[in-house]
Every structure is written in C-alpha cells, then in structure tokens.
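S.K.: Got a structure for you, model-v6.pdb, holding PDB, C-alpha atoms.
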```pdb
ATOM      1  CA  MET N 951       8.533 -28.541 -20.557
ATOM      2  CA  ASP N 952      11.710 -26.886 -19.284
ATOM      3  CA  LEU N 953      10.598 -23.619 -17.701
ATOM      4  CA  GLU N 954      14.132 -22.189 -17.879
ATOM      5  CA  ALA N 955      14.065 -22.698 -21.641
ATOM      6  CA  VAL N 956      10.642 -21.016 -21.812
ATOM      7  CA  ARG N 957      11.949 -18.129 -19.685
ATOM      8  CA  THR N 958      14.946 -17.818 -22.030
ATOM      9  CA  PHE N 959      12.652 -17.800 -25.061
ATOM     10  CA  VAL N 960      10.600 -14.925 -23.603
ATOM     11  CA  ALA N 961      13.752 -12.997 -22.662
ATOM     12  CA  LEU N 962      15.150 -13.379 -26.199
ATOM     13  CA  ALA N 963      11.836 -12.382 -27.755
ATOM     14  CA  ASP N 964      11.834  -9.207 -25.647
ATOM     15  CA  ALA N 965      15.543  -8.422 -26.122
ATOM     16  CA  GLY N 966      15.794  -9.277 -29.812
ATOM     17  CA  GLN N 967      19.479 -10.182 -29.413
ATOM     18  CA  PHE N 968      21.175 -13.269 -27.961
ATOM     19  CA  GLN N 969      23.831 -11.230 -26.164
ATOM     20  CA  LYS N 970      21.313  -8.873 -24.535
ATOM     21  CA  ALA N 971      19.121 -11.791 -23.461
ATOM     22  CA  ALA N 972      22.189 -13.457 -21.924
ATOM     23  CA  VAL N 973      22.937 -10.298 -19.929
ATOM     24  CA  ASP N 974      19.329 -10.020 -18.777
ATOM     25  CA  LEU N 975      19.355 -13.648 -17.600
ATOM     26  CA  SER N 976      22.914 -13.501 -16.143
ATOM     27  CA  VAL N 977      24.012 -16.458 -18.275
ATOM     28  CA  THR N 978      26.346 -16.868 -21.235
ATOM     29  CA  GLN N 979      25.279 -16.323 -24.822
ATOM     30  CA  GLN N 980      26.110 -19.992 -25.457
ATOM     31  CA  ALA N 981      23.656 -21.009 -22.709
ATOM     32  CA  VAL N 982      20.917 -18.943 -24.361
ATOM     33  CA  SER N 983      21.588 -20.613 -27.716
ATOM     34  CA  LYS N 984      21.533 -24.114 -26.186
ATOM     35  CA  ARG N 985      18.261 -23.491 -24.346
ATOM     36  CA  ILE N 986      16.540 -22.127 -27.463
ATOM     37  CA  ALA N 987      17.803 -25.041 -29.541
ATOM     38  CA  ALA N 988      16.526 -27.538 -26.948
ATOM     39  CA  LEU N 989      13.124 -25.835 -26.824
ATOM     40  CA  GLU N 990      12.867 -25.865 -30.626
ATOM     41  CA  ARG N 991      13.681 -29.596 -30.671
ATOM     42  CA  ASN N 992      11.049 -30.210 -27.996
ATOM     43  CA  LEU N 993       8.391 -28.281 -29.934
ATOM     44  CA  GLY N 994       9.467 -29.446 -33.390
ATOM     45  CA  VAL N 995       9.441 -25.931 -34.864
ATOM     46  CA  ARG N 996      11.760 -22.987 -35.433
ATOM     47  CA  LEU N 997      11.051 -20.157 -33.015
ATOM     48  CA  PHE N 998      13.588 -17.573 -34.221
ATOM     49  CA  THR N 999      15.242 -16.516 -37.418
ATOM     50  CA  ARG N1000      18.752 -15.090 -37.077
ATOM     51  CA  THR N1001      19.202 -11.722 -38.812
ATOM     52  CA  PRO N1002      22.015  -9.150 -38.941
ATOM     53  CA  ARG N1003      20.127  -7.254 -36.232
ATOM     54  CA  GLY N1004      19.784 -10.256 -33.910
ATOM     55  CA  ALA N1005      16.876 -12.693 -33.640
ATOM     56  CA  GLU N1006      13.329 -12.322 -34.959
ATOM     57  CA  LEU N1007      10.357 -14.484 -34.065
ATOM     58  CA  THR N1008       9.077 -16.848 -36.724
ATOM     59  CA  ILE N1009       5.339 -17.289 -37.235
ATOM     60  CA  ASP N1010       5.482 -20.256 -34.845
ATOM     61  CA  GLY N1011       7.463 -18.185 -32.345
ATOM     62  CA  GLN N1012       4.823 -15.448 -32.477
ATOM     63  CA  ALA N1013       2.104 -18.055 -31.869
ATOM     64  CA  PHE N1014       4.000 -19.565 -28.940
ATOM     65  CA  LEU N1015       4.935 -16.278 -27.204
ATOM     66  CA  PRO N1016       1.624 -15.459 -25.398
ATOM     67  CA  HIS N1017       1.383 -19.046 -24.170
ATOM     68  CA  ALA N1018       4.993 -18.926 -22.960
ATOM     69  CA  ARG N1019       4.276 -15.776 -20.976
ATOM     70  CA  GLU N1020       1.220 -17.449 -19.417
ATOM     71  CA  LEU N1021       3.306 -20.521 -18.515
ATOM     72  CA  LEU N1022       5.700 -18.295 -16.579
ATOM     73  CA  ARG N1023       2.846 -16.477 -14.829
ATOM     74  CA  VAL N1024       1.283 -19.797 -13.795
ATOM     75  CA  ALA N1025       4.648 -21.044 -12.525
ATOM     76  CA  GLU N1026       5.080 -17.913 -10.413
ATOM     77  CA  ARG N1027       1.596 -18.270  -8.944
ATOM     78  CA  ALA N1028       2.305 -21.923  -8.143
ATOM     79  CA  VAL N1029       5.485 -20.996  -6.269
ATOM     80  CA  ALA N1030       3.767 -18.118  -4.456
ATOM     81  CA  SER N1031       0.995 -20.434  -3.238
ATOM     82  CA  VAL N1032       3.466 -22.364  -1.076
ATOM     83  CA  ARG N1033       6.103 -19.715  -0.420
ATOM     84  CA  THR N1034       6.558 -19.021   3.291
ATOM     85  CA  GLY N1035       3.994 -16.413   4.271
ATOM     86  CA  GLY N1036       2.471 -16.451   0.805
ATOM     87  CA  ARG N1037      -0.655 -18.383   1.738
ATOM     88  CA  PRO N1038      -3.262 -17.934   4.476
ATOM     89  CA  LEU N1039      -2.626 -19.305   7.949
ATOM     90  CA  ARG N1040      -4.905 -22.349   8.353
ATOM     91  CA  VAL N1041      -6.233 -22.918  11.880
ATOM     92  CA  ASP N1042      -8.693 -25.513  13.244
ATOM     93  CA  VAL N1043     -11.114 -24.169  15.887
ATOM     94  CA  ILE N1044     -13.380 -27.251  16.445
ATOM     95  CA  ALA N1045     -16.602 -25.168  16.635
ATOM     96  CA  SER N1046     -17.622 -21.775  15.284
ATOM     97  CA  ARG N1047     -19.198 -20.547  18.551
ATOM     98  CA  GLY N1048     -16.613 -21.777  21.029
ATOM     99  CA  ALA N1049     -13.691 -20.182  22.826
ATOM    100  CA  ALA N1050     -11.181 -21.115  20.111
ATOM    101  CA  ALA N1051     -13.204 -19.269  17.467
ATOM    102  CA  GLY N1052     -13.347 -16.275  19.806
ATOM    103  CA  MET N1053      -9.560 -16.324  20.201
ATOM    104  CA  MET N1054      -9.152 -16.356  16.415
ATOM    105  CA  ARG N1055     -11.577 -13.435  16.033
ATOM    106  CA  GLY N1056      -9.461 -11.494  18.490
ATOM    107  CA  PHE N1057      -6.316 -12.375  16.558
ATOM    108  CA  HIS N1058      -7.923 -11.218  13.304
ATOM    109  CA  ARG N1059      -8.912  -7.886  14.860
ATOM    110  CA  ALA N1060      -5.347  -7.405  16.103
ATOM    111  CA  HIS N1061      -3.764  -8.498  12.800
ATOM    112  CA  PRO N1062      -6.185  -7.732   9.924
ATOM    113  CA  GLU N1063      -3.264  -7.855   7.487
ATOM    114  CA  ILE N1064      -2.819 -11.624   8.018
ATOM    115  CA  ASP N1065      -4.898 -13.862   5.758
ATOM    116  CA  LEU N1066      -6.691 -16.652   7.636
ATOM    117  CA  ASP N1067      -8.422 -19.884   6.713
ATOM    118  CA  VAL N1068     -10.469 -21.170   9.666
ATOM    119  CA  LEU N1069     -11.389 -24.860   9.571
ATOM    120  CA  MET N1070     -13.420 -27.117  11.842
ATOM    121  CA  LEU N1071     -12.008 -30.626  12.072
ATOM    122  CA  PHE N1072     -13.460 -33.306  14.328
ATOM    123  CA  ASP N1073     -11.300 -35.688  16.337
ATOM    124  CA  ILE N1074      -7.740 -35.200  17.506
ATOM    125  CA  ASP N1075      -6.331 -38.003  15.327
ATOM    126  CA  THR N1076      -7.591 -36.248  12.192
ATOM    127  CA  THR N1077      -6.230 -32.968  13.503
ATOM    128  CA  VAL N1078      -2.756 -34.315  14.282
ATOM    129  CA  ALA N1079      -2.553 -35.941  10.849
ATOM    130  CA  ALA N1080      -3.548 -32.632   9.225
ATOM    131  CA  ILE N1081      -0.927 -30.701  11.206
ATOM    132  CA  ARG N1082       1.801 -33.199  10.330
ATOM    133  CA  SER N1083       0.904 -33.162   6.629
ATOM    134  CA  GLY N1084       0.666 -29.366   6.489
ATOM    135  CA  THR N1085      -3.049 -29.319   5.680
ATOM    136  CA  VAL N1086      -3.490 -27.064   8.726
ATOM    137  CA  ASP N1087      -0.930 -24.955  10.538
ATOM    138  CA  ALA N1088      -2.390 -25.061  14.047
ATOM    139  CA  SER N1089      -5.331 -26.326  16.084
ATOM    140  CA  PHE N1090      -6.969 -25.645  19.430
ATOM    141  CA  ARG N1091      -7.375 -28.884  21.425
ATOM    142  CA  ALA N1092      -7.319 -30.297  24.942
ATOM    143  CA  VAL N1093      -4.198 -32.473  25.141
ATOM    144  CA  ALA N1094      -3.201 -35.113  25.631
ATOM    145  CA  VAL N1095      -5.944 -37.705  25.519
ATOM    146  CA  PRO N1096      -5.086 -40.749  27.660
ATOM    147  CA  GLY N1097      -3.323 -43.461  25.673
ATOM    148  CA  ARG N1098      -2.660 -41.191  22.678
ATOM    149  CA  PRO N1099       0.410 -39.029  23.331
ATOM    150  CA  LEU N1100       1.258 -36.396  20.766
ATOM    151  CA  PRO N1101       3.955 -37.267  18.206
ATOM    152  CA  GLU N1102       7.385 -35.787  18.910
ATOM    153  CA  ASP N1103       7.137 -33.368  15.981
ATOM    154  CA  ILE N1104       3.978 -31.738  17.380
ATOM    155  CA  GLU N1105       4.367 -28.868  19.851
ATOM    156  CA  SER N1106       1.607 -27.743  22.206
ATOM    157  CA  VAL N1107       1.101 -24.931  24.678
ATOM    158  CA  ARG N1108      -1.865 -24.441  27.001
ATOM    159  CA  VAL N1109      -3.388 -21.066  26.200
ATOM    160  CA  LEU N1110      -6.747 -20.801  27.976
ATOM    161  CA  ASP N1111      -8.533 -22.463  30.896
ATOM    162  CA  GLU N1112     -12.235 -21.927  30.222
ATOM    163  CA  PRO N1113     -14.586 -22.325  33.231
ATOM    164  CA  LEU N1114     -17.661 -24.466  32.702
ATOM    165  CA  GLN N1115     -21.122 -23.096  33.388
ATOM    166  CA  LEU N1116     -24.404 -24.894  33.970
ATOM    167  CA  LEU N1117     -27.169 -23.973  31.525
ATOM    168  CA  THR N1118     -30.736 -24.533  32.725
ATOM    169  CA  GLY N1119     -34.257 -23.633  31.742
ATOM    170  CA  PRO N1120     -36.327 -21.229  33.887
ATOM    171  CA  THR N1121     -38.139 -24.017  35.784
ATOM    172  CA  HIS N1122     -35.117 -26.144  36.621
ATOM    173  CA  ALA N1123     -34.539 -26.789  40.346
ATOM    174  CA  LEU N1124     -31.234 -24.861  40.227
ATOM    175  CA  ALA N1125     -32.383 -22.043  37.942
ATOM    176  CA  ARG N1126     -32.398 -19.393  40.681
ATOM    177  CA  ALA N1127     -28.970 -20.285  42.091
ATOM    178  CA  ARG N1128     -26.217 -17.655  41.814
ATOM    179  CA  SER N1129     -23.705 -20.510  41.570
ATOM    180  CA  VAL N1130     -23.694 -24.274  42.046
ATOM    181  CA  THR N1131     -21.064 -26.615  43.397
ATOM    182  CA  LEU N1132     -20.132 -29.870  41.751
ATOM    183  CA  ALA N1133     -21.505 -31.683  44.796
ATOM    184  CA  GLN N1134     -24.906 -30.024  44.257
ATOM    185  CA  LEU N1135     -25.004 -31.345  40.698
ATOM    186  CA  ALA N1136     -24.897 -34.983  41.811
ATOM    187  CA  GLY N1137     -28.277 -36.541  40.981
ATOM    188  CA  HIS N1138     -29.213 -33.936  38.369
ATOM    189  CA  ARG N1139     -29.477 -34.980  34.720
ATOM    190  CA  ILE N1140     -26.980 -33.202  32.479
ATOM    191  CA  TRP N1141     -27.685 -33.727  28.790
ATOM    192  CA  MET N1142     -24.834 -33.410  26.262
ATOM    193  CA  PRO N1143     -25.710 -35.119  22.962
ATOM    194  CA  GLY N1144     -22.493 -33.918  21.303
ATOM    195  CA  LEU N1145     -20.208 -36.172  23.388
ATOM    196  CA  ALA N1146     -18.675 -38.435  20.753
ATOM    197  CA  PRO N1147     -16.710 -41.439  22.103
ATOM    198  CA  GLY N1148     -12.982 -41.225  21.489
ATOM    199  CA  THR N1149     -12.800 -37.433  21.371
ATOM    200  CA  GLU N1150     -10.809 -35.341  23.811
ATOM    201  CA  TRP N1151     -13.938 -33.573  25.076
ATOM    202  CA  ALA N1152     -15.608 -36.918  25.795
ATOM    203  CA  ALA N1153     -12.477 -37.982  27.710
ATOM    204  CA  TYR N1154     -12.667 -34.734  29.707
ATOM    205  CA  TYR N1155     -16.297 -35.287  30.748
ATOM    206  CA  ASP N1156     -15.704 -38.991  31.460
ATOM    207  CA  ASP N1157     -13.138 -37.991  34.071
ATOM    208  CA  LEU N1158     -15.425 -35.275  35.463
ATOM    209  CA  VAL N1159     -18.216 -37.835  35.916
ATOM    210  CA  ALA N1160     -15.896 -40.391  37.497
ATOM    211  CA  GLU N1161     -14.417 -37.940  40.003
ATOM    212  CA  PHE N1162     -17.572 -36.147  41.149
ATOM    213  CA  GLY N1163     -20.325 -38.728  40.649
ATOM    214  CA  LEU N1164     -22.247 -36.713  38.068
ATOM    215  CA  THR N1165     -24.838 -38.001  35.608
ATOM    216  CA  ILE N1166     -24.135 -36.941  32.028
ATOM    217  CA  GLU N1167     -26.379 -38.333  29.306
ATOM    218  CA  ALA N1168     -25.200 -38.292  25.692
ATOM    219  CA  THR N1169     -28.270 -40.063  24.299
ATOM    220  CA  GLY N1170     -30.109 -39.029  21.175
ATOM    221  CA  PRO N1171     -28.915 -37.429  17.924
ATOM    222  CA  ASN N1172     -27.018 -34.158  18.034
ATOM    223  CA  PHE N1173     -29.182 -31.679  16.111
ATOM    224  CA  GLY N1174     -26.968 -28.726  17.018
ATOM    225  CA  SER N1175     -27.018 -25.940  19.580
ATOM    226  CA  ASP N1176     -30.440 -24.507  18.657
ATOM    227  CA  ALA N1177     -32.189 -27.829  19.265
ATOM    228  CA  LEU N1178     -30.242 -28.298  22.494
ATOM    229  CA  LEU N1179     -31.302 -24.881  23.781
ATOM    230  CA  ASP N1180     -34.944 -25.524  22.872
ATOM    231  CA  THR N1181     -34.920 -28.801  24.813
ATOM    232  CA  ILE N1182     -33.186 -27.366  27.877
ATOM    233  CA  ALA N1183     -35.657 -24.453  27.962
ATOM    234  CA  ASP N1184     -38.679 -26.776  27.807
ATOM    235  CA  THR N1185     -37.492 -29.607  30.091
ATOM    236  CA  PRO N1186     -37.275 -28.835  33.830
ATOM    237  CA  ALA N1187     -35.322 -32.020  34.569
ATOM    238  CA  LEU N1188     -32.468 -31.337  32.140
ATOM    239  CA  ALA N1189     -29.438 -29.060  32.232
ATOM    240  CA  THR N1190     -26.243 -28.951  30.195
ATOM    241  CA  PHE N1191     -22.670 -27.716  30.474
ATOM    242  CA  MET N1192     -21.191 -24.988  28.306
ATOM    243  CA  GLY N1193     -17.982 -22.999  28.314
ATOM    244  CA  GLU N1194     -17.952 -19.495  29.753
ATOM    245  CA  HIS N1195     -16.749 -18.118  26.402
ATOM    246  CA  THR N1196     -19.239 -20.008  24.226
ATOM    247  CA  ARG N1197     -21.294 -17.491  22.245
ATOM    248  CA  LEU N1198     -24.938 -18.565  22.031
ATOM    249  CA  ILE N1199     -28.090 -16.562  21.365
ATOM    250  CA  TRP N1200     -31.594 -17.781  22.172
ATOM    251  CA  PRO N1201     -35.118 -16.330  22.127
ATOM    252  CA  ALA N1202     -35.954 -14.161  25.122
ATOM    253  CA  ASP N1203     -38.895 -16.355  26.095
ATOM    254  CA  HIS N1204     -36.577 -19.338  26.600
ATOM    255  CA  GLY N1205     -35.540 -17.802  29.939
ATOM    256  CA  LEU N1206     -32.300 -19.796  30.030
ATOM    257  CA  ARG N1207     -29.842 -19.342  32.933
ATOM    258  CA  ARG N1208     -26.028 -19.547  32.775
ATOM    259  CA  ILE N1209     -24.824 -20.478  36.266
ATOM    260  CA  PRO N1210     -21.166 -20.591  37.385
ATOM    261  CA  VAL N1211     -19.930 -23.944  38.730
ATOM    262  CA  THR N1212     -17.680 -23.861  41.809
ATOM    263  CA  ASP N1213     -15.930 -25.815  44.520
ATOM    264  CA  PRO N1214     -13.945 -26.659  42.436
ATOM    265  CA  THR N1215     -14.551 -24.908  39.139
ATOM    266  CA  PRO N1216     -14.073 -27.332  36.252
ATOM    267  CA  VAL N1217     -12.077 -25.611  33.514
ATOM    268  CA  TYR N1218     -11.670 -26.842  29.973
ATOM    269  CA  PRO N1219      -7.991 -26.557  28.951
ATOM    270  CA  HIS N1220      -7.561 -25.183  25.427
ATOM    271  CA  SER N1221      -4.091 -25.765  23.976
ATOM    272  CA  LEU N1222      -2.604 -24.648  20.678
ATOM    273  CA  LEU N1223      -0.977 -27.419  18.620
ATOM    274  CA  TRP N1224       1.419 -26.958  15.708
ATOM    275  CA  ARG N1225       4.256 -28.791  13.949
ATOM    276  CA  ARG N1226       7.640 -27.836  15.363
ATOM    277  CA  ASP N1227       9.196 -27.054  11.975
ATOM    278  CA  ASN N1228       6.261 -25.113  10.530
ATOM    279  CA  PRO N1229       7.867 -21.959   9.033
ATOM    280  CA  HIS N1230       4.717 -19.873   8.443
ATOM    281  CA  PRO N1231       5.527 -16.413   9.888
ATOM    282  CA  ALA N1232       1.909 -15.809  10.897
ATOM    283  CA  LEU N1233       2.087 -18.817  13.216
ATOM    284  CA  ALA N1234       4.650 -17.000  15.352
ATOM    285  CA  ALA N1235       2.381 -13.953  15.374
ATOM    286  CA  LEU N1236      -0.553 -16.084  16.534
ATOM    287  CA  ARG N1237       1.467 -17.635  19.359
ATOM    288  CA  ALA N1238       2.675 -14.213  20.500
ATOM    289  CA  HIS N1239      -0.876 -12.837  20.417
ATOM    290  CA  LEU N1240      -2.226 -15.723  22.506
ATOM    291  CA  ALA N1241       0.600 -15.404  25.017
ATOM    292  CA  ALA N1242      -0.191 -11.702  25.464
ATOM    293  CA  THR N1243      -3.989 -11.873  25.561
ATOM    294  CA  THR N1244      -5.116 -15.184  27.106
ATOM    295  CA  ALA N1245      -4.263 -15.269  30.773
ATOM    296  CA  GLY N1246      -5.267 -18.598  32.299
ATOM    297  CA  HIS N1247      -7.316 -18.813  35.480
ATOM    298  CA  ASP N1248      -5.572 -19.390  38.772
ATOM    299  CA  ALA N1249      -5.200 -23.145  39.261
ATOM    300  CA  ALA N1250      -6.350 -22.787  42.868
ATOM    301  CA  GLY N1251      -9.977 -23.820  43.157
ATOM    302  CA  THR N1252     -10.145 -25.324  39.669
ATOM    303  CA  TRP N1253     -10.237 -28.851  38.290
ATOM    304  CA  VAL N1254      -8.842 -30.494  35.140
ATOM    305  CA  PRO N1255      -8.272 -34.181  34.431
ATOM    306  CA  GLY N1256      -4.953 -35.612  35.530
ATOM    307  CA  TRP N1257      -3.876 -36.228  31.922
ATOM    308  CA  VAL N1258      -4.004 -32.532  30.984
ATOM    309  CA  THR N1259      -0.615 -30.967  30.311
ATOM    310  CA  PRO N1260       0.310 -28.557  33.167
ATOM    311  CA  ARG N1261       0.486 -24.837  32.412
TER     312      ARG N1261
END
```
Show this structure as structure tokens.

M.R.:
Amino acid sequence: MDLEAVRTFVALADAGQFQKAAVDLSVTQQAVSKRIAALERNLGVRLFTRTPRGAELTIDGQAFLPHARELLRVAERAVASVRTGGRPLRVDVIASRGAAAGMMRGFHRAHPEIDLDVLMLFDIDTTVAAIRSGTVDASFRAVAVPGRPLPEDIESVRVLDEPLQLLTGPTHALARARSVTLAQLAGHRIWMPGLAPGTEWAAYYDDLVAEFGLTIEATGPNFGSDALLDTIADTPALATFMGEHTRLIWPADHGLRRIPVTDPTPVYPHSLLWRRDNPHPALAALRAHLAATTAGHDAAGTWVPGWVTPR
C-alpha cells in the first residue's frame, strides 16, 4: 500500500477540503485528487463524497481512518528504529565480568542518556561479521589474530593493556609471594579450561607459552568462573591467569590470592573494533570516552605477542 496515498487520505479527512489538504501536504490539489483516486482503486471502495463544503468520509472511509492512522504510526516507528541515533548502541564485551564490561559500565555512568545494548559474542570471525552487517556497532577484542587480518572496512584502536595476575589457592607454593616472575612460573601447572582453539585469547596464551616455557592446561569442560575458583581453591598444584580488571567474588574461606606477574608483565591488549562508515553518534562518544579514560600501561617491562597492533 502506498503510504503517501494513506498520508494524503488522513490529511484530507482532517482538513475536510482538497485545497486545504494540498496546502498542508505542500502538494497541488491535483496531486491530492490523484492519490485519493489511486487509493480508492486499490481498496475497491469510495472513501470520500464530494459536497459543496468539501469532502466528507463515506462509511468505508470512516472504517478505514483509524487503521490508516495506525499505518502511519507504524511507519514512523519503523523509520525511527533505524534512524541515526534512534536506536541503542550495540557493543560486544566478550564476558560480563571482564575489563571490557567494566569499560562499558564506566561509559554508561558518564553518559546515562545514551541507550546501550551489551552483547557477548564468541569468536572474532563472528564478531567481525556482526560489525560488518550492522548487527553490532563495536566490539572489544585483541587484534589481529595471526593469519586473519581485519577487513579494510573495519577500524580498530588499542584502548587498554590489562596486566595479567596469577590466581592461586591458599596452599599453592606461590601463594605467599608478593609478585612472581614469568621465569618462576615455569614448571607450575596453570589451568585455563576456557581456552577455545581458534580464538584470539587462545592465540595470546599460545604465544605466551611458546616464549616463556609455561605449562597451560585447557583440559576439561568449562563450567564457568565459580567452578574454576572452587577448583583453584581446593587444588594446591593448580593456578590460573586472570586480568587485573576482572571482577570476581568468592567465598572468604576460599583464601584465594591474586598475585602480580612481572619481569616482564604480560598484558592483554583490548582494542575497540568498529566499521569505518558506522554513523551512530554514540559510537563517537564511546571512542572519545575511552580515549580520555583508559590510559595504557607503559610498554617498558611488559609483554604482548608480536602480532598485536602497536599502540
């Protein structure tokens, strides 16, 4: 159905005169007559009766009028749903307790007027496809994974270098250390069941293992952070890595220790990805907020894989 004809019908019903409806719509009276005639042919009924005073709705016109108004309201809502700035900013944060989620919470506190949809996608291929299709506006990732460069229409900027920490139970051999070096970790079992092959975080830890001779085990199902914390607390031989900004809460009797890793400090490089031509105004606000609030760590004394985009 021609929405312009429906809009003309509503305008004529409200105005009661062809000339006044034409003025209201900024078209000619002839255009109003043609649109009404076309709509009547489409519907197979007469909508107006011409009178000396103008145009009056027929019984069919009166029946059609509330539906015509609803058609126009639905059309306006449809346009508003995709109008620039008219929908929430959609951002992928990978995990709800990680650094990316923390950055988005900070952005929301700074800009409560901006509507947000926070998603959690999995691998970088899915994420890039979602950014290119417009399903999401931006994502926090470590880029670029070896052998999979970003498409030319995807922009990225490194926003936060997050130091890794060692998490141990109270009876682990390193539990009382104020800090540990990467060399000291050689020979210790580090358990990370969430390392999925092909992901950028698995690529990161593969390089860390290769360069410093560490032992990272990804065996067993990933039952989530609570199960991981329970196991680390109860198993003296196991430790795990976590980001400095990861927000985790555990029972007091777990006695878990978060220990800084040094010499060098491995940092996980969070980058923001978005499509170059994405016009959402809130995306610019997010980029400005991150630039002003997320100072990266000094590169001196830190380590990232060689494939990570320089700051």

S.K.: N:Ala1153, N:Leu1124, N:Ala1049, N:Ala1146: which is nearest Ser1221 (chain N), counting all atoms listed in the file?

M.R.: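 The answer is N:Ala1049, which sits nearest to Ser1221 (chain N).
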
S.K.: From the set N:Ala1005, N:Ala1018, N:Leu1039, N:Ala965, which residue has the shortest atom-to-atom contact distance to Leu1069 (chain N), counting only C-alpha atoms?

M.R.: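 Once distances to Leu1069 (chain N) are computed over only C-alpha atoms, the minimum belongs to N:Leu1039.
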
S.K.: Counting only C-alpha atoms, which of N:Ala1183, N:Leu1145, N:Met1070, N:Ala1242 gets nearest to Gly1205 (chain N)?

M.R.: N:Ala1183

S.K.: Could you tell me, as number ranges by chain, exactly which residues end up selected when the PyMOL selection byres ((chain N and resi 1236) around 10) is applied to this structure?

M.R.: N: 1039, 1053-1054, 1057-1058, 1060-1061, 1064, 1088, 1222, 1231-1235, 1237-1242

S.K.: Given the PyMOL selection byres ((chain N and resi 1156-1159) around 10) and the file above, list the residues it selects as a PyMOL selection string.

M.R.: chain N and resi 1132+1136+1145+1147+1150-1155+1160-1166+1216+1253-1257

S.K.: On this structure, which residues satisfy the PyMOL selection byres ((chain N and resi 1210) around 6), written as a PyMOL selection string?

M.R.: chain N and resi 1115+1129+1209+1211

S.K.: Neighbouring residues of His1220 (chain N) were defined as those with any atom within 9 Å, considering only C-alpha atoms; residues of the same chain fewer than 2 positions away were excluded. Please report them as an MDAnalysis selection string.

M.R.: chainID N and resid 1049:1050 1090:1093 1107:1112 1218 1222

S.K.: Set the distance at 12 Å and use all atoms listed in the file: which residues neighbour Thr1181 (chain N) once local chain neighbours fewer than 3 positions away are removed? I'd like the list as number ranges by chain.

M.R.: N: 1117-1120, 1140-1143, 1170, 1172-1178, 1184-1190, 1200, 1204, 1206

S.K.: Can those selected residues be exported to a file as a PDB file, in the coordinates of the input so that it contains C-alpha atoms?

M.R.:
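Saved as again-v7.pdb:
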```pdb
ATOM      1  CA  LEU N1117     -27.169 -23.973  31.525  1.00  0.00           C
ATOM      2  CA  THR N1118     -30.736 -24.533  32.725  1.00  0.00           C
ATOM      3  CA  GLY N1119     -34.257 -23.633  31.742  1.00  0.00           C
ATOM      4  CA  PRO N1120     -36.327 -21.229  33.887  1.00  0.00           C
ATOM      5  CA  ILE N1140     -26.980 -33.202  32.479  1.00  0.00           C
ATOM      6  CA  TRP N1141     -27.685 -33.727  28.790  1.00  0.00           C
ATOM      7  CA  MET N1142     -24.834 -33.410  26.262  1.00  0.00           C
ATOM      8  CA  PRO N1143     -25.710 -35.119  22.962  1.00  0.00           C
ATOM      9  CA  GLY N1170     -30.109 -39.029  21.175  1.00  0.00           C
ATOM     10  CA  ASN N1172     -27.018 -34.158  18.034  1.00  0.00           C
ATOM     11  CA  PHE N1173     -29.182 -31.679  16.111  1.00  0.00           C
ATOM     12  CA  GLY N1174     -26.968 -28.726  17.018  1.00  0.00           C
ATOM     13  CA  SER N1175     -27.018 -25.940  19.580  1.00  0.00           C
ATOM     14  CA  ASP N1176     -30.440 -24.507  18.657  1.00  0.00           C
ATOM     15  CA  ALA N1177     -32.189 -27.829  19.265  1.00  0.00           C
ATOM     16  CA  LEU N1178     -30.242 -28.298  22.494  1.00  0.00           C
ATOM     17  CA  ASP N1184     -38.679 -26.776  27.807  1.00  0.00           C
ATOM     18  CA  THR N1185     -37.492 -29.607  30.091  1.00  0.00           C
ATOM     19  CA  PRO N1186     -37.275 -28.835  33.830  1.00  0.00           C
ATOM     20  CA  ALA N1187     -35.322 -32.020  34.569  1.00  0.00           C
ATOM     21  CA  LEU N1188     -32.468 -31.337  32.140  1.00  0.00           C
ATOM     22  CA  ALA N1189     -29.438 -29.060  32.232  1.00  0.00           C
ATOM     23  CA  THR N1190     -26.243 -28.951  30.195  1.00  0.00           C
ATOM     24  CA  TRP N1200     -31.594 -17.781  22.172  1.00  0.00           C
ATOM     25  CA  HIS N1204     -36.577 -19.338  26.600  1.00  0.00           C
ATOM     26  CA  LEU N1206     -32.300 -19.796  30.030  1.00  0.00           C
TER      27      LEU N1206
END
```

S.K.: Distance CA of Gln969 (chain N)-CA of Ala955 (chain N), one decimal place?

M.R.: 15.7 Å

S.K.: Using only C-alpha atoms, find the one residue out of N:Val1258, N:Ala1080, N:Ala1051, N:Ala961 that sits nearest to Ser976 (chain N).

M.R.: N:Ala961

S.K.: Distance CA of Arg996 (chain N)-CA of Asp1010 (chain N), one decimal place?

M.R.: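 These atoms are spaced 6.9 Å apart.
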
S.K.: Do you have, as a tab-separated table, the list of residues of region 1085-1134 of chain N lying at most 12 Å from region 1073-1077 of chain N, each with its nearest atom pair and that distance in Å to one decimal, counting all atoms listed in the file and ordered by chain then number?

M.R.:
```
residue	atom	partner	partner_atom	distance
N:Thr1085	CA	N:Thr1077	CA	9.2
N:Val1086	CA	N:Thr1077	CA	8.1
N:Asp1087	CA	N:Thr1077	CA	10.1
N:Ala1088	CA	N:Thr1077	CA	8.8
N:Ser1089	CA	N:Thr1077	CA	7.2
N:Phe1090	CA	N:Thr1077	CA	9.4
N:Arg1091	CA	N:Ile1074	CA	7.4
N:Ala1092	CA	N:Ile1074	CA	8.9
N:Val1093	CA	N:Ile1074	CA	8.8
N:Ala1094	CA	N:Ile1074	CA	9.3
N:Val1095	CA	N:Ile1074	CA	8.6
N:Pro1096	CA	N:Ile1074	CA	11.9
N:Arg1098	CA	N:Asp1075	CA	8.8
N:Pro1099	CA	N:Asp1075	CA	10.5
N:Leu1100	CA	N:Asp1075	CA	9.5
N:Pro1101	CA	N:Asp1075	CA	10.7
N:Ile1104	CA	N:Thr1077	CA	11.0
```

S.K.: Now that the selection is made, can you save its residues with C-alpha atoms as a PDB file, in the frame of the given file?

M.R.:
```pdb
ATOM      1  CA  THR N1085      -3.049 -29.319   5.680  1.00  0.00           C
ATOM      2  CA  VAL N1086      -3.490 -27.064   8.726  1.00  0.00           C
ATOM      3  CA  ASP N1087      -0.930 -24.955  10.538  1.00  0.00           C
ATOM      4  CA  ALA N1088      -2.390 -25.061  14.047  1.00  0.00           C
ATOM      5  CA  SER N1089      -5.331 -26.326  16.084  1.00  0.00           C
ATOM      6  CA  PHE N1090      -6.969 -25.645  19.430  1.00  0.00           C
ATOM      7  CA  ARG N1091      -7.375 -28.884  21.425  1.00  0.00           C
ATOM      8  CA  ALA N1092      -7.319 -30.297  24.942  1.00  0.00           C
ATOM      9  CA  VAL N1093      -4.198 -32.473  25.141  1.00  0.00           C
ATOM     10  CA  ALA N1094      -3.201 -35.113  25.631  1.00  0.00           C
ATOM     11  CA  VAL N1095      -5.944 -37.705  25.519  1.00  0.00           C
ATOM     12  CA  PRO N1096      -5.086 -40.749  27.660  1.00  0.00           C
ATOM     13  CA  ARG N1098      -2.660 -41.191  22.678  1.00  0.00           C
ATOM     14  CA  PRO N1099       0.410 -39.029  23.331  1.00  0.00           C
ATOM     15  CA  LEU N1100       1.258 -36.396  20.766  1.00  0.00           C
ATOM     16  CA  PRO N1101       3.955 -37.267  18.206  1.00  0.00           C
ATOM     17  CA  ILE N1104       3.978 -31.738  17.380  1.00  0.00           C
TER      18      ILE N1104
END
```
